[in-house]
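Next comes input.txt, with compact mmCIF, C-alpha atoms and all ligand atoms.
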# COMPACT_ATOMS: atom_id res chain seq x y z
CA MET S 1 0.00 0.00 0.00
CA ARG S 2 1.38 3.39 -0.99
CA ILE S 3 0.35 6.38 1.05
CA LEU S 4 1.23 9.93 0.20
CA LEU S 5 1.60 11.89 3.41
CA GLY S 6 1.14 15.60 2.78
CA VAL S 7 2.59 17.74 5.55
CA SER S 8 1.57 21.38 5.75
CA GLY S 9 2.94 24.15 7.93
CA GLY S 10 1.59 23.98 11.47
CA ILE S 11 3.06 23.33 14.89
CA ALA S 12 1.85 19.71 14.76
CA VAL S 13 4.31 18.88 11.95
CA TYR S 14 6.37 16.90 14.45
CA LYS S 15 3.45 14.49 14.90
CA ALA S 16 3.60 13.71 11.17
CA ALA S 17 6.98 12.07 11.87
CA GLU S 18 5.27 9.70 14.28
CA LEU S 19 2.50 9.11 11.72
CA THR S 20 5.11 8.20 9.07
CA ARG S 21 6.42 5.54 11.44
CA GLU S 22 2.97 4.22 12.29
CA LEU S 23 1.93 3.91 8.63
CA GLN S 24 5.16 2.05 7.90
CA ARG S 25 4.73 -0.19 10.93
CA ARG S 26 1.37 -1.23 9.43
CA GLY S 27 3.05 -2.11 6.16
CA ALA S 28 2.57 1.03 4.03
CA GLU S 29 5.18 2.68 1.84
CA VAL S 30 5.10 6.36 2.70
CA GLN S 31 5.93 9.15 0.26
CA VAL S 32 6.12 12.46 2.07
CA VAL S 33 5.31 15.75 0.33
CA MET S 34 5.95 18.93 2.33
CA THR S 35 4.66 22.43 1.72
CA ALA S 36 7.06 25.36 1.95
CA GLY S 37 5.32 26.23 5.23
CA ALA S 38 6.03 22.79 6.68
CA GLU S 39 9.72 23.16 5.78
CA ARG S 40 9.88 26.19 8.05
CA PHE S 41 9.12 23.93 11.02
CA VAL S 42 11.05 20.72 10.24
CA THR S 43 13.54 20.02 7.45
CA PRO S 44 12.73 17.33 4.87
CA LEU S 45 15.70 15.37 6.24
CA THR S 46 13.63 14.11 9.17
CA PHE S 47 10.99 12.59 6.88
CA ALA S 48 13.55 11.34 4.36
CA GLY S 49 15.33 9.51 7.18
CA LEU S 50 12.12 7.99 8.51
CA SER S 51 10.50 7.08 5.19
CA GLY S 52 13.68 6.04 3.40
CA ARG S 53 12.54 8.09 0.39
CA GLN S 54 13.34 11.50 -0.90
CA VAL S 55 10.81 14.04 0.34
CA LEU S 56 9.06 15.94 -2.45
CA THR S 57 8.76 19.67 -1.90
CA SER S 58 8.67 21.53 -5.18
CA LEU S 59 6.42 21.65 -8.19
CA TRP S 60 9.16 23.28 -10.24
CA GLU S 61 12.24 21.36 -9.24
CA PRO S 62 11.40 17.65 -9.47
CA ALA S 63 13.24 15.30 -7.14
CA VAL S 64 16.55 14.05 -8.51
CA ASP S 65 15.86 10.43 -7.78
CA GLU S 66 16.43 7.65 -10.25
CA ALA S 67 13.61 5.58 -8.87
CA ALA S 68 11.30 8.54 -9.32
CA SER S 69 12.20 9.24 -12.95
CA GLY S 70 10.94 7.37 -15.99
CA GLU S 71 12.88 5.18 -18.36
CA ALA S 72 15.95 6.68 -20.05
CA GLY S 73 14.97 9.48 -22.37
CA GLN S 74 11.48 9.76 -20.94
CA PHE S 75 10.30 12.70 -18.90
CA ASP S 76 7.73 12.15 -16.18
CA ILE S 77 5.75 15.07 -14.89
CA GLU S 78 6.32 14.40 -11.25
CA HIS S 79 3.08 15.58 -9.71
CA ILE S 80 1.00 13.59 -12.21
CA ARG S 81 3.11 10.45 -11.78
CA VAL S 82 2.99 10.62 -7.98
CA ALA S 83 -0.75 11.37 -7.99
CA GLN S 84 -1.40 8.20 -10.02
CA GLU S 85 0.92 5.95 -8.03
CA VAL S 86 -0.55 6.33 -4.58
CA ASP S 87 -3.45 4.47 -2.94
CA ALA S 88 -4.40 7.35 -0.63
CA VAL S 89 -3.40 10.93 0.09
CA VAL S 90 -3.37 11.88 3.77
CA ILE S 91 -2.69 15.48 4.78
CA ALA S 92 -1.59 15.68 8.41
CA PRO S 93 -1.39 18.21 9.78
CA ALA S 94 -3.69 20.09 7.42
CA THR S 95 -3.45 23.83 7.99
CA ALA S 96 -6.37 26.23 7.58
CA ASN S 97 -4.57 27.55 4.51
CA THR S 98 -4.17 24.14 2.88
CA ILE S 99 -7.80 23.25 3.62
CA ALA S 100 -8.89 26.54 2.02
CA LYS S 101 -6.77 25.83 -1.04
CA LEU S 102 -8.24 22.36 -1.44
CA ALA S 103 -11.78 23.65 -1.01
CA HIS S 104 -11.22 26.18 -3.79
CA GLY S 105 -9.31 23.86 -6.09
CA LEU S 106 -6.08 25.89 -6.03
CA ALA S 107 -2.99 24.22 -7.39
CA ASN S 108 -0.06 26.54 -6.75
CA ASP S 109 2.34 24.14 -5.04
CA LEU S 110 3.20 20.46 -5.28
CA LEU S 111 0.82 19.18 -2.60
CA SER S 112 -2.27 21.08 -3.78
CA THR S 113 -1.55 20.13 -7.41
CA ILE S 114 -1.25 16.43 -6.50
CA CYS S 115 -4.56 16.67 -4.62
CA LEU S 116 -6.27 17.81 -7.82
CA ALA S 117 -4.48 15.29 -10.00
CA THR S 118 -5.14 12.20 -7.90
CA THR S 119 -8.18 9.98 -7.99
CA ALA S 120 -7.11 8.19 -4.79
CA PRO S 121 -9.08 8.81 -1.57
CA LEU S 122 -8.12 12.07 0.12
CA LEU S 123 -8.03 12.43 3.89
CA VAL S 124 -7.29 15.60 5.83
CA ALA S 125 -6.45 15.82 9.51
CA PRO S 126 -6.78 19.51 10.48
CA ALA S 127 -4.69 21.06 13.26
CA MET S 128 -4.82 24.71 14.20
CA ASN S 129 -5.72 27.30 16.80
CA VAL S 130 -9.27 26.94 18.13
CA ASN S 131 -10.46 30.24 16.64
CA MET S 132 -9.00 29.40 13.25
CA TRP S 133 -10.81 26.03 13.39
CA ARG S 134 -14.12 27.57 14.44
CA HIS S 135 -13.89 30.39 11.91
CA VAL S 136 -16.83 30.24 9.54
CA ALA S 137 -14.45 30.30 6.57
CA THR S 138 -12.65 27.17 7.78
CA GLN S 139 -15.90 25.44 8.71
CA GLU S 140 -17.37 26.18 5.28
CA ASN S 141 -14.23 24.92 3.58
CA VAL S 142 -14.34 21.71 5.64
CA ALA S 143 -18.02 21.21 4.77
CA THR S 144 -17.19 21.71 1.07
CA LEU S 145 -14.49 19.06 1.25
CA ARG S 146 -16.77 16.65 3.08
CA GLY S 147 -19.46 17.18 0.50
CA ARG S 148 -16.96 16.08 -2.15
CA GLY S 149 -16.20 12.88 -0.30
CA VAL S 150 -12.96 14.01 1.36
CA ARG S 151 -12.59 12.31 4.72
CA VAL S 152 -12.01 14.88 7.44
CA ILE S 153 -10.43 13.41 10.55
CA GLU S 154 -11.82 15.75 13.17
CA PRO S 155 -9.34 17.49 15.46
CA GLY S 156 -9.57 16.76 19.16
CA ALA S 157 -10.02 19.26 21.99
CA GLY S 158 -7.50 20.12 24.67
CA TYR S 159 -4.50 22.29 25.38
CA LEU S 160 -3.18 23.80 22.14
CA ALA S 161 0.37 24.84 21.34
CA CYS S 162 -0.77 28.48 21.12
CA GLY S 163 -1.67 28.32 24.81
CA MET S 164 -5.42 28.29 24.24
CA VAL S 165 -7.75 25.46 25.13
CA GLY S 166 -10.33 24.09 22.70
CA GLU S 167 -10.71 22.10 19.49
CA GLY S 168 -7.86 22.15 17.04
CA ARG S 169 -5.44 19.44 18.17
CA LEU S 170 -4.37 17.03 15.50
CA ALA S 171 -6.30 13.73 15.81
CA GLU S 172 -4.36 10.84 17.33
CA VAL S 173 -1.80 9.20 15.08
CA ASP S 174 -3.55 5.82 15.42
CA GLN S 175 -6.86 7.31 14.40
CA ILE S 176 -5.35 8.89 11.28
CA ALA S 177 -3.60 5.63 10.33
CA ASP S 178 -6.86 3.68 10.87
CA ALA S 179 -8.73 6.09 8.63
CA ALA S 180 -6.08 5.90 5.90
CA PHE S 181 -6.03 2.11 5.83
CA TRP S 182 -9.77 1.97 5.90
CA ALA S 183 -10.07 4.44 3.02
CA VAL S 184 -7.75 2.32 0.88
CA LYS S 185 -9.61 -0.86 1.73
CA GLU S 186 -12.92 0.76 0.99
CA ALA S 187 -11.76 2.16 -2.35
CA GLY S 188 -10.66 -1.32 -3.39
CA ARG S 189 -13.89 -2.90 -2.30
CA LYS S 190 -16.47 -3.71 -4.93
CA ARG S 191 -18.17 -0.36 -4.97
CA ASP S 192 -21.67 -1.53 -5.70
CA ASP S 193 -22.20 -4.66 -3.65
CA LEU S 194 -25.39 -3.16 -2.19
CA ALA S 195 -26.75 -1.81 -5.50
CA GLY S 196 -30.46 -2.56 -5.71
CA GLU S 197 -30.87 -2.68 -1.93
CA VAL S 198 -33.05 -0.13 -0.14
CA VAL S 199 -31.53 0.36 3.30
CA LEU S 200 -33.76 1.93 5.95
CA ILE S 201 -31.71 3.19 8.90
CA THR S 202 -32.69 4.80 12.18
CA ALA S 203 -30.33 7.06 14.11
CA GLY S 204 -30.14 9.24 17.21
CA GLY S 205 -31.94 9.37 20.52
CA THR S 206 -35.64 10.11 20.47
CA GLN S 207 -36.92 13.03 22.54
CA GLU S 208 -40.11 12.57 24.56
CA SER S 209 -41.80 15.87 25.35
CA ILE S 210 -42.60 16.84 28.92
CA ASP S 211 -43.89 20.28 28.04
CA PRO S 212 -43.26 22.72 25.14
CA VAL S 213 -39.65 23.34 26.24
CA ARG S 214 -38.50 20.16 28.00
CA PHE S 215 -37.99 16.59 26.97
CA LEU S 216 -36.71 13.24 28.22
CA GLY S 217 -33.80 12.12 26.08
CA ASN S 218 -30.75 9.89 25.97
CA ARG S 219 -27.08 10.13 25.05
CA SER S 220 -27.24 8.71 21.55
CA SER S 221 -25.59 11.13 19.09
CA GLY S 222 -26.82 9.45 15.92
CA LYS S 223 -23.22 8.97 14.69
CA MET S 224 -23.49 5.20 14.34
CA GLY S 225 -26.61 5.40 12.18
CA VAL S 226 -25.04 8.16 10.07
CA ALA S 227 -21.94 5.98 9.60
CA VAL S 228 -24.13 3.08 8.40
CA ALA S 229 -25.91 5.47 6.02
CA GLN S 230 -22.61 6.79 4.60
CA ALA S 231 -21.27 3.28 4.13
CA ALA S 232 -24.46 2.01 2.49
CA VAL S 233 -24.57 4.99 0.09
CA ALA S 234 -20.91 4.38 -0.84
CA ARG S 235 -21.75 0.74 -1.59
CA GLY S 236 -24.50 1.63 -4.02
CA ALA S 237 -27.64 1.25 -1.89
CA LYS S 238 -30.61 3.58 -1.88
CA VAL S 239 -30.71 4.82 1.71
CA VAL S 240 -33.48 6.34 3.82
CA LEU S 241 -32.28 7.65 7.18
CA VAL S 242 -34.92 8.26 9.84
CA THR S 243 -33.06 10.40 12.34
CA ALA S 244 -33.79 11.87 15.74
CA ALA S 245 -30.44 13.66 15.68
CA GLY S 246 -31.27 16.30 13.05
CA ALA S 247 -30.31 16.20 9.38
CA ASP S 248 -26.64 15.64 8.50
CA ALA S 249 -25.55 17.94 5.67
CA SER S 250 -22.75 15.59 4.60
CA LEU S 251 -25.13 12.75 3.74
CA ARG S 252 -26.20 12.05 0.20
CA CYS S 253 -29.43 10.21 0.96
CA GLU S 254 -33.02 10.89 1.89
CA GLN S 255 -33.38 11.96 5.54
CA VAL S 256 -36.56 12.02 7.58
CA VAL S 257 -36.08 14.08 10.74
CA VAL S 258 -38.21 13.02 13.71
CA GLY S 259 -38.43 13.87 17.41
CA THR S 260 -40.36 11.33 19.45
CA ALA S 261 -40.41 7.53 19.34
CA ALA S 262 -43.96 7.64 17.98
CA GLU S 263 -42.83 9.89 15.10
CA MET S 264 -39.91 7.58 14.42
CA GLN S 265 -42.25 4.60 14.38
CA ARG S 266 -44.59 6.31 11.90
CA ALA S 267 -41.72 7.23 9.58
CA VAL S 268 -40.21 3.74 9.74
CA MET S 269 -43.50 1.93 9.13
CA GLU S 270 -44.25 4.24 6.21
CA ARG S 271 -40.96 3.41 4.51
CA LEU S 272 -40.78 -0.26 5.52
CA PRO S 273 -42.62 -1.70 2.48
CA GLU S 274 -39.81 -0.62 0.12
CA ALA S 275 -36.92 -1.60 2.45
CA THR S 276 -34.80 -4.66 1.74
CA VAL S 277 -32.51 -4.02 4.71
CA VAL S 278 -33.37 -2.33 8.01
CA VAL S 279 -30.66 -1.18 10.43
CA MET S 280 -32.10 0.14 13.69
CA ALA S 281 -29.26 2.11 15.25
CA ALA S 282 -31.44 4.68 17.04
CA ALA S 283 -31.82 4.74 20.81
CA VAL S 284 -35.59 4.77 21.06
CA ALA S 285 -37.14 5.84 24.35
CA ASP S 286 -38.98 2.95 26.01
CA TYR S 287 -41.36 5.37 27.69
CA ARG S 288 -43.13 8.62 26.91
CA VAL S 289 -44.73 11.11 29.24
CA LYS S 290 -48.39 10.15 29.63
CA GLU S 291 -49.71 13.67 29.68
CA VAL S 292 -47.58 16.23 27.90
CA ALA S 293 -48.22 19.69 29.38
CA VAL S 294 -49.52 22.23 26.90
CA GLN S 295 -47.81 25.13 28.70
CA LYS S 296 -44.34 25.23 30.25
CA LEU S 297 -44.52 23.61 33.70
CA LYS S 298 -43.80 25.90 36.63
CA LYS S 299 -41.01 25.14 39.11
CA ARG S 300 -42.11 23.07 42.11
CA ASP S 301 -40.32 21.40 45.03
CA SER S 302 -40.79 18.00 43.49
CA MET S 303 -42.56 16.55 40.54
CA VAL S 304 -43.79 13.13 39.48
CA LEU S 305 -44.02 12.32 35.79
CA GLU S 306 -46.19 9.41 34.83
CA LEU S 307 -44.71 7.47 31.94
CA GLU S 308 -46.27 4.98 29.59
CA ARG S 309 -44.62 2.43 27.31
CA ASN S 310 -43.76 3.28 23.74
CA GLU S 311 -44.43 0.56 21.24
CA ASP S 312 -41.40 -1.58 20.36
CA ILE S 313 -40.53 -0.41 16.81
CA LEU S 314 -38.13 -3.29 16.17
CA ARG S 315 -40.81 -5.84 16.98
CA ARG S 316 -43.31 -4.13 14.67
CA VAL S 317 -40.72 -4.04 11.89
CA VAL S 318 -40.09 -7.78 12.22
CA GLU S 319 -43.84 -8.48 12.18
CA GLU S 320 -44.61 -6.33 9.16
CA LYS S 321 -41.53 -6.51 6.95
CA ARG S 322 -41.58 -8.16 3.56
CA GLN S 323 -40.18 -11.66 3.43
CA GLY S 324 -36.45 -11.54 2.78
CA THR S 325 -35.91 -8.10 4.32
CA VAL S 326 -32.85 -8.27 6.56
CA VAL S 327 -33.32 -6.65 9.97
CA ILE S 328 -30.39 -5.67 12.19
CA GLY S 329 -30.92 -4.26 15.67
CA PHE S 330 -28.56 -2.66 18.15
CA ALA S 331 -28.32 -3.54 21.82
CA ALA S 332 -26.64 -0.70 23.69
CA GLU S 333 -25.91 -2.09 27.14
CA THR S 334 -23.87 -1.25 30.20
CA GLU S 335 -23.68 -4.73 31.73
CA ARG S 336 -24.00 -8.38 30.64
CA ILE S 337 -23.62 -7.06 27.09
CA LEU S 338 -23.58 -10.38 25.25
CA GLU S 339 -26.37 -11.98 27.30
CA GLU S 340 -28.62 -9.01 26.67
CA GLY S 341 -27.74 -8.99 22.97
CA ARG S 342 -28.46 -12.71 22.63
CA ARG S 343 -31.77 -12.27 24.41
CA LYS S 344 -32.73 -9.50 22.00
CA LEU S 345 -31.73 -11.66 19.02
CA ARG S 346 -33.84 -14.55 20.30
CA GLU S 347 -36.88 -12.61 21.43
CA LYS S 348 -37.20 -10.04 18.66
CA GLY S 349 -36.76 -12.31 15.68
CA VAL S 350 -34.19 -10.08 14.00
CA ASP S 351 -31.45 -11.42 11.72
CA ALA S 352 -28.61 -9.91 13.73
CA VAL S 353 -27.93 -7.75 16.76
CA VAL S 354 -24.95 -5.49 17.28
CA ALA S 355 -24.25 -5.67 21.01
CA ASN S 356 -22.15 -2.79 22.26
CA ASP S 357 -20.96 -1.54 25.61
CA VAL S 358 -22.00 2.09 25.99
CA SER S 359 -20.51 2.51 29.46
CA ARG S 360 -16.98 2.91 28.04
CA ALA S 361 -15.62 6.42 27.59
CA ASP S 362 -13.78 5.55 24.37
CA SER S 363 -16.61 3.90 22.45
CA GLY S 364 -20.38 3.87 22.20
CA PHE S 365 -22.48 6.98 22.74
CA GLU S 366 -21.35 10.45 21.65
CA VAL S 367 -17.83 9.47 20.48
CA ASP S 368 -16.59 8.59 16.98
CA ARG S 369 -15.42 5.10 17.85
CA ASN S 370 -17.26 1.95 18.74
CA ALA S 371 -16.69 -1.73 19.50
CA GLY S 372 -19.03 -4.66 19.94
CA THR S 373 -20.11 -8.07 18.79
CA LEU S 374 -22.29 -8.92 15.82
CA LEU S 375 -24.62 -11.64 17.04
CA MET S 376 -26.25 -13.75 14.39
CA ARG S 377 -28.39 -16.83 14.76
CA ASP S 378 -25.58 -19.18 13.88
CA ALA S 379 -22.44 -17.15 14.48
CA GLU S 380 -20.94 -14.37 16.60
CA VAL S 381 -18.35 -12.01 15.15
CA GLU S 382 -16.20 -9.68 17.22
CA LEU S 383 -16.25 -6.07 16.00
CA PRO S 384 -12.99 -4.73 17.44
CA ALA S 385 -12.61 -1.08 18.49
CA SER S 386 -12.62 1.05 15.35
CA SER S 387 -14.17 4.13 13.88
CA LYS S 388 -17.96 3.96 13.60
CA ARG S 389 -17.56 4.06 9.83
CA GLU S 390 -15.34 0.98 9.92
CA MET S 391 -17.82 -0.80 12.17
CA ALA S 392 -20.64 0.16 9.80
CA GLU S 393 -18.73 -1.41 6.91
CA ARG S 394 -18.31 -4.65 8.83
CA ILE S 395 -22.02 -4.78 9.59
CA LEU S 396 -22.82 -4.20 5.92
CA ASP S 397 -20.31 -6.89 4.95
CA TYR S 398 -22.64 -9.25 6.74
CA VAL S 399 -25.59 -8.02 4.68
CA GLY S 400 -23.50 -8.33 1.51
CA ALA S 401 -22.46 -11.86 2.43
CA MET S 402 -26.02 -12.83 3.19
CA ARG S 403 -27.19 -11.58 -0.20
CA ALA S 404 -24.52 -13.76 -1.81
CA VAL S 405 -26.34 -16.86 -0.50
CA PRO S 406 -28.74 -18.19 -3.17
CA VAL S 407 -32.43 -17.70 -2.39
CA GLY S 408 -33.80 -20.70 -0.52
CA LEU S 409 -30.56 -21.38 1.31
CA GLY S 410 -30.84 -18.11 3.24
CA PHE S 411 -29.84 -17.58 6.85
C1 LIG P 501 4.66 29.43 14.67
C2 LIG P 501 3.54 29.18 13.72
C3 LIG P 501 2.64 28.18 13.96
C4 LIG P 501 1.59 27.94 13.09
N1 LIG P 501 0.72 26.92 13.35
C5 LIG P 501 -0.32 26.71 12.52
C6 LIG P 501 -1.22 25.65 12.78
O1 LIG P 501 -1.07 24.88 13.74
N2 LIG P 501 -2.26 25.48 11.95
C7 LIG P 501 -2.48 26.29 10.87
O2 LIG P 501 -3.47 26.10 10.17
N3 LIG P 501 -1.63 27.29 10.59
C8 LIG P 501 -0.55 27.50 11.38
N4 LIG P 501 0.32 28.53 11.11
C9 LIG P 501 0.09 29.36 9.92
C10 LIG P 501 0.56 28.66 8.64
O3 LIG P 501 1.92 28.28 8.77
C11 LIG P 501 0.36 29.56 7.46
O4 LIG P 501 -1.03 29.78 7.25
C12 LIG P 501 0.99 29.03 6.20
O5 LIG P 501 0.66 29.90 5.12
C13 LIG P 501 0.52 27.63 5.88
O6 LIG P 501 1.02 27.21 4.64
P1 LIG P 501 0.77 25.74 4.08
O7 LIG P 501 -0.65 25.43 4.28
O8 LIG P 501 1.13 25.82 2.63
O9 LIG P 501 1.70 24.85 4.80
C14 LIG P 501 1.42 28.76 11.94
C15 LIG P 501 2.34 29.77 11.70
C16 LIG P 501 3.39 29.99 12.55
C17 LIG P 501 4.38 31.08 12.24

Turn the structure described in the file into structure tokens.
Amino acid sequence: MRILLGVSGGIAVYKAAELTRELQRRGAEVQVVMTAGAERFVTPLTFAGLSGRQVLTSLWEPAVDEAASGEAGQFDIEHIRVAQEVDAVVIAPATANTIAKLAHGLANDLLSTICLATTAPLLVAPAMNVNMWRHVATQENVATLRGRGVRVIEPGAGYLACGMVGEGRLAEVDQIADAAFWAVKEAGRKRDDLAGEVVLITAGGTQESIDPVRFLGNRSSGKMGVAVAQAAVARGAKVVLVTAAGADASLRCEQVVVGTAAEMQRAVMERLPEATVVVMAAAVADYRVKEVAVQKLKKRDSMVLELERNEDILRRVVEEKRQGTVVIGFAAETERILEEGRRKLREKGVDAVVANDVSRADSGFEVDRNAGTLLMRDAEVELPASSKREMAERILDYVGAMRAVPVGLGF
């Protein structure tokens, strides 16, 4: 696997050295390209020493490297050759300036020109001061890139080199390496293995009204369902996302935004007849407030809310789905994870359950990573800690594999 690591000029350049090592440790060949800005922080020598390859820095003065030039008498245009040779382009750290250039399609140095000339997946890992990151210009540029399919590896929050605290820290090296390897794997995957499928997905935590301003909710962010939607779209499926987490501008599929469990149920049942696959990743409230107040409730010393059960959407889906529609549920648990997942698989009549531990700080609700076990009737598959997108792909692999079984021999 050949990864082009683009390094632009921010304080976090030194972390790109560690990333070079990590990508190599996982078996990738790394070709580093530095911007002029990056060279002001670290000399190319560091990356040349680590990668064992000449670092490319200039559009106008191609590297004098025999391995990098064509056959005798032939002249290779370096940026075009490099752009075609690589399996992924990862820019880490990506400065606000480089992100802006990419968003506007500028090509005035080697890295930005390669980014236009390549058809390989492009990943950017931004790192900058919190105000630069939050600036509407940067946020719009990031949204533009996302909309074009560029994978943006979100910066983390914490103490920044500029002395401020907030978002803007380069994502962890492991996370960037994971994303790069996943992007390459995904690009090589048969792109349309879910073509013809209609995948109905639920996402987010439902909100049960107490009065016009308050609700009972849960910690589900909707990220897992969105990841399944992204993966299913990329694999050629028609996707309908019923979401209680608000619409996601980066998604290229139909989205039905709902609030309460009852609204989610209505939307799901309406779309169920056309679905061939249903993935229920939403955290649906088991209860709703029996009598929702019409006016905002006044403060009192104590208050008792009477709750009544919401209908079990998953059960209804299993009862009313067309024959052959694959149904996958999620079991978000904090204890006896597998037992609870197996019980759900048995009792609800679904084809598979993703059992995951939501008590962990590093996976489950609200964060970008997850881990769990895919429980099927005749097999259990470990889903090791990974990005939610990677986990979504594994879950869809199961759907793809099931579709490969001739009709009549089904699971
Ligand atoms: C000391 C110093 C630290 C900087 N750190 C960052 C940074 O972390 N992120 C960023 O976006 N820009 C940072 N900049 C600004 C960029 O270096 C500047 O915008 C430059 O034009 C980026 O060029 P490039 O994107 O071609 O590498 C820094 C500048 C200086 C002088």

Collect all residues with atoms no farther than 7 Å from ligand LIG 501 (chain P), counting all atoms listed in the file, and output them as JSON, numbers by chain.
{"S": [8, 9, 10, 11, 12, 35, 36, 37, 38, 94, 95, 96, 97, 98, 127, 128, 129]}

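Distance annotation: of S:Arg235, S:Ala249, S:Val90, S:Val354, the residue with the minimal separation from Asp193 (chain S) is S:Arg235; atom set is all atoms listed in the file.
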
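Residue nearest Gly222 (chain S) within the list S:Thr206, S:Thr43, S:Gln265, S:Thr144: S:Thr206 [criterion: smallest interatomic distance, all atoms listed in the file].
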
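Comparing S:Leu50, S:Met391, S:Ile99, S:Val399 by their smallest distance to Ala227 (chain S), the closest is S:Met391 (using only C-alpha atoms).
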
Applying 10 Å and only C-alpha atoms, which residues near Glu167 (chain S) remain after dropping the ones on its own chain fewer than 3 positions away? List them as a ChimeraX atom specification.
/S:127-134,154-160,164,170

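With only C-alpha atoms as the atoms that count, the residue of S:Ala231, S:Leu145, S:Leu216, S:Val30 with the shortest distance to Leu194 (chain S) is S:Ala231.
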
Within-6 Å shell of (-30.5, 5.4, 21.3) in input frame, only C-alpha atoms, as a ChimeraX atom specification
/S:204-205,220,282-284

At a cut-off of 10 Å from (10.2, 9.7, 2.0) in the coordinates of the file, what residues are picked up using all atoms listed in the file, written as an NGL selection string?
:S and (4-5 or 20 or 29-33 or 44-56)

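Between CA of Pro384 (chain S) and CA of Arg369 (chain S) the interatomic distance comes to 10.1 Å.
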
Choose the residue, out of S:Val257, S:Leu345, S:Ala180, S:Leu396, that has the smallest atom-to-atom separation from Val278 (chain S); count only C-alpha atoms.
S:Leu396

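Shortest separation to Arg346 (chain S) among S:Lys185, S:Arg360, S:Arg26, S:Arg377 occurs at residue S:Arg377, atoms counted being only C-alpha atoms.
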
Surrounding residues of region 174-176 of chain S excluding itself and chain neighbours under 4 positions, 10 Å, only C-alpha atoms, as a ChimeraX atom specification
/S:18-19,22-23,90-92,123-125,152-154,170,180-182,369,386-387

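Across the structure, CA of Ala275 (chain S) and CA of Asp351 (chain S) are spaced 14.6 Å apart.
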
Neighbours of Glu308 (chain S) within 9 Å (all atoms listed in the file; same-chain residues fewer than 3 positions away dropped), as a ChimeraX atom specification?
/S:286-290

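Those residues that approach Thr276 (chain S) to within 12 Å, counting only C-alpha atoms, are Leu194, Ala195, Gly196, Glu197, Val198, Val199, Leu200, Ile201, Ala237, Lys238, Val239, Val240, Arg271, Leu272, Val317, Lys321, Arg322, Gln323, Gly324, Thr325, Val326, Val327, Ile328, Val399, Gly400 and Arg403 of chain S; same-chain residues fewer than 4 positions away are not listed.
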
Please produce region 239-252 of chain S, completed to N, CA and C atoms, as a compact mmCIF listing (two decimals), in the coordinates of the input.
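And here's selection_35.txt as it stands now:
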# COMPACT_ATOMS: atom_id res chain seq x y z
N VAL S 239 -30.66 4.76 0.24
CA VAL S 239 -30.71 4.82 1.71
C VAL S 239 -31.77 5.82 2.16
N VAL S 240 -32.55 5.42 3.16
CA VAL S 240 -33.48 6.34 3.82
C VAL S 240 -33.07 6.36 5.29
N LEU S 241 -32.70 7.54 5.78
CA LEU S 241 -32.28 7.65 7.18
C LEU S 241 -33.39 8.35 7.96
N VAL S 242 -33.93 7.65 8.95
CA VAL S 242 -34.92 8.26 9.84
C VAL S 242 -34.14 8.66 11.09
N THR S 243 -33.99 9.96 11.30
CA THR S 243 -33.06 10.40 12.34
C THR S 243 -33.70 11.30 13.39
N ALA S 244 -33.36 11.02 14.64
CA ALA S 244 -33.79 11.87 15.74
C ALA S 244 -32.65 12.80 16.16
N ALA S 245 -31.60 12.84 15.33
CA ALA S 245 -30.44 13.66 15.68
C ALA S 245 -30.31 14.87 14.75
N GLY S 246 -31.34 15.17 14.00
CA GLY S 246 -31.27 16.30 13.05
C GLY S 246 -30.62 15.84 11.76
N ALA S 247 -30.86 16.61 10.68
CA ALA S 247 -30.31 16.20 9.38
C ALA S 247 -28.80 16.40 9.37
N ASP S 248 -28.09 15.55 8.62
CA ASP S 248 -26.64 15.64 8.50
C ASP S 248 -26.32 16.11 7.08
N ALA S 249 -25.75 17.32 6.99
CA ALA S 249 -25.55 17.94 5.67
C ALA S 249 -24.59 17.14 4.79
N SER S 250 -23.74 16.31 5.40
CA SER S 250 -22.75 15.59 4.60
C SER S 250 -23.34 14.37 3.90
N LEU S 251 -24.57 14.00 4.27
CA LEU S 251 -25.13 12.75 3.74
C LEU S 251 -25.80 12.93 2.40
N ARG S 252 -25.53 11.98 1.50
CA ARG S 252 -26.20 12.05 0.20
C ARG S 252 -27.28 10.98 0.15
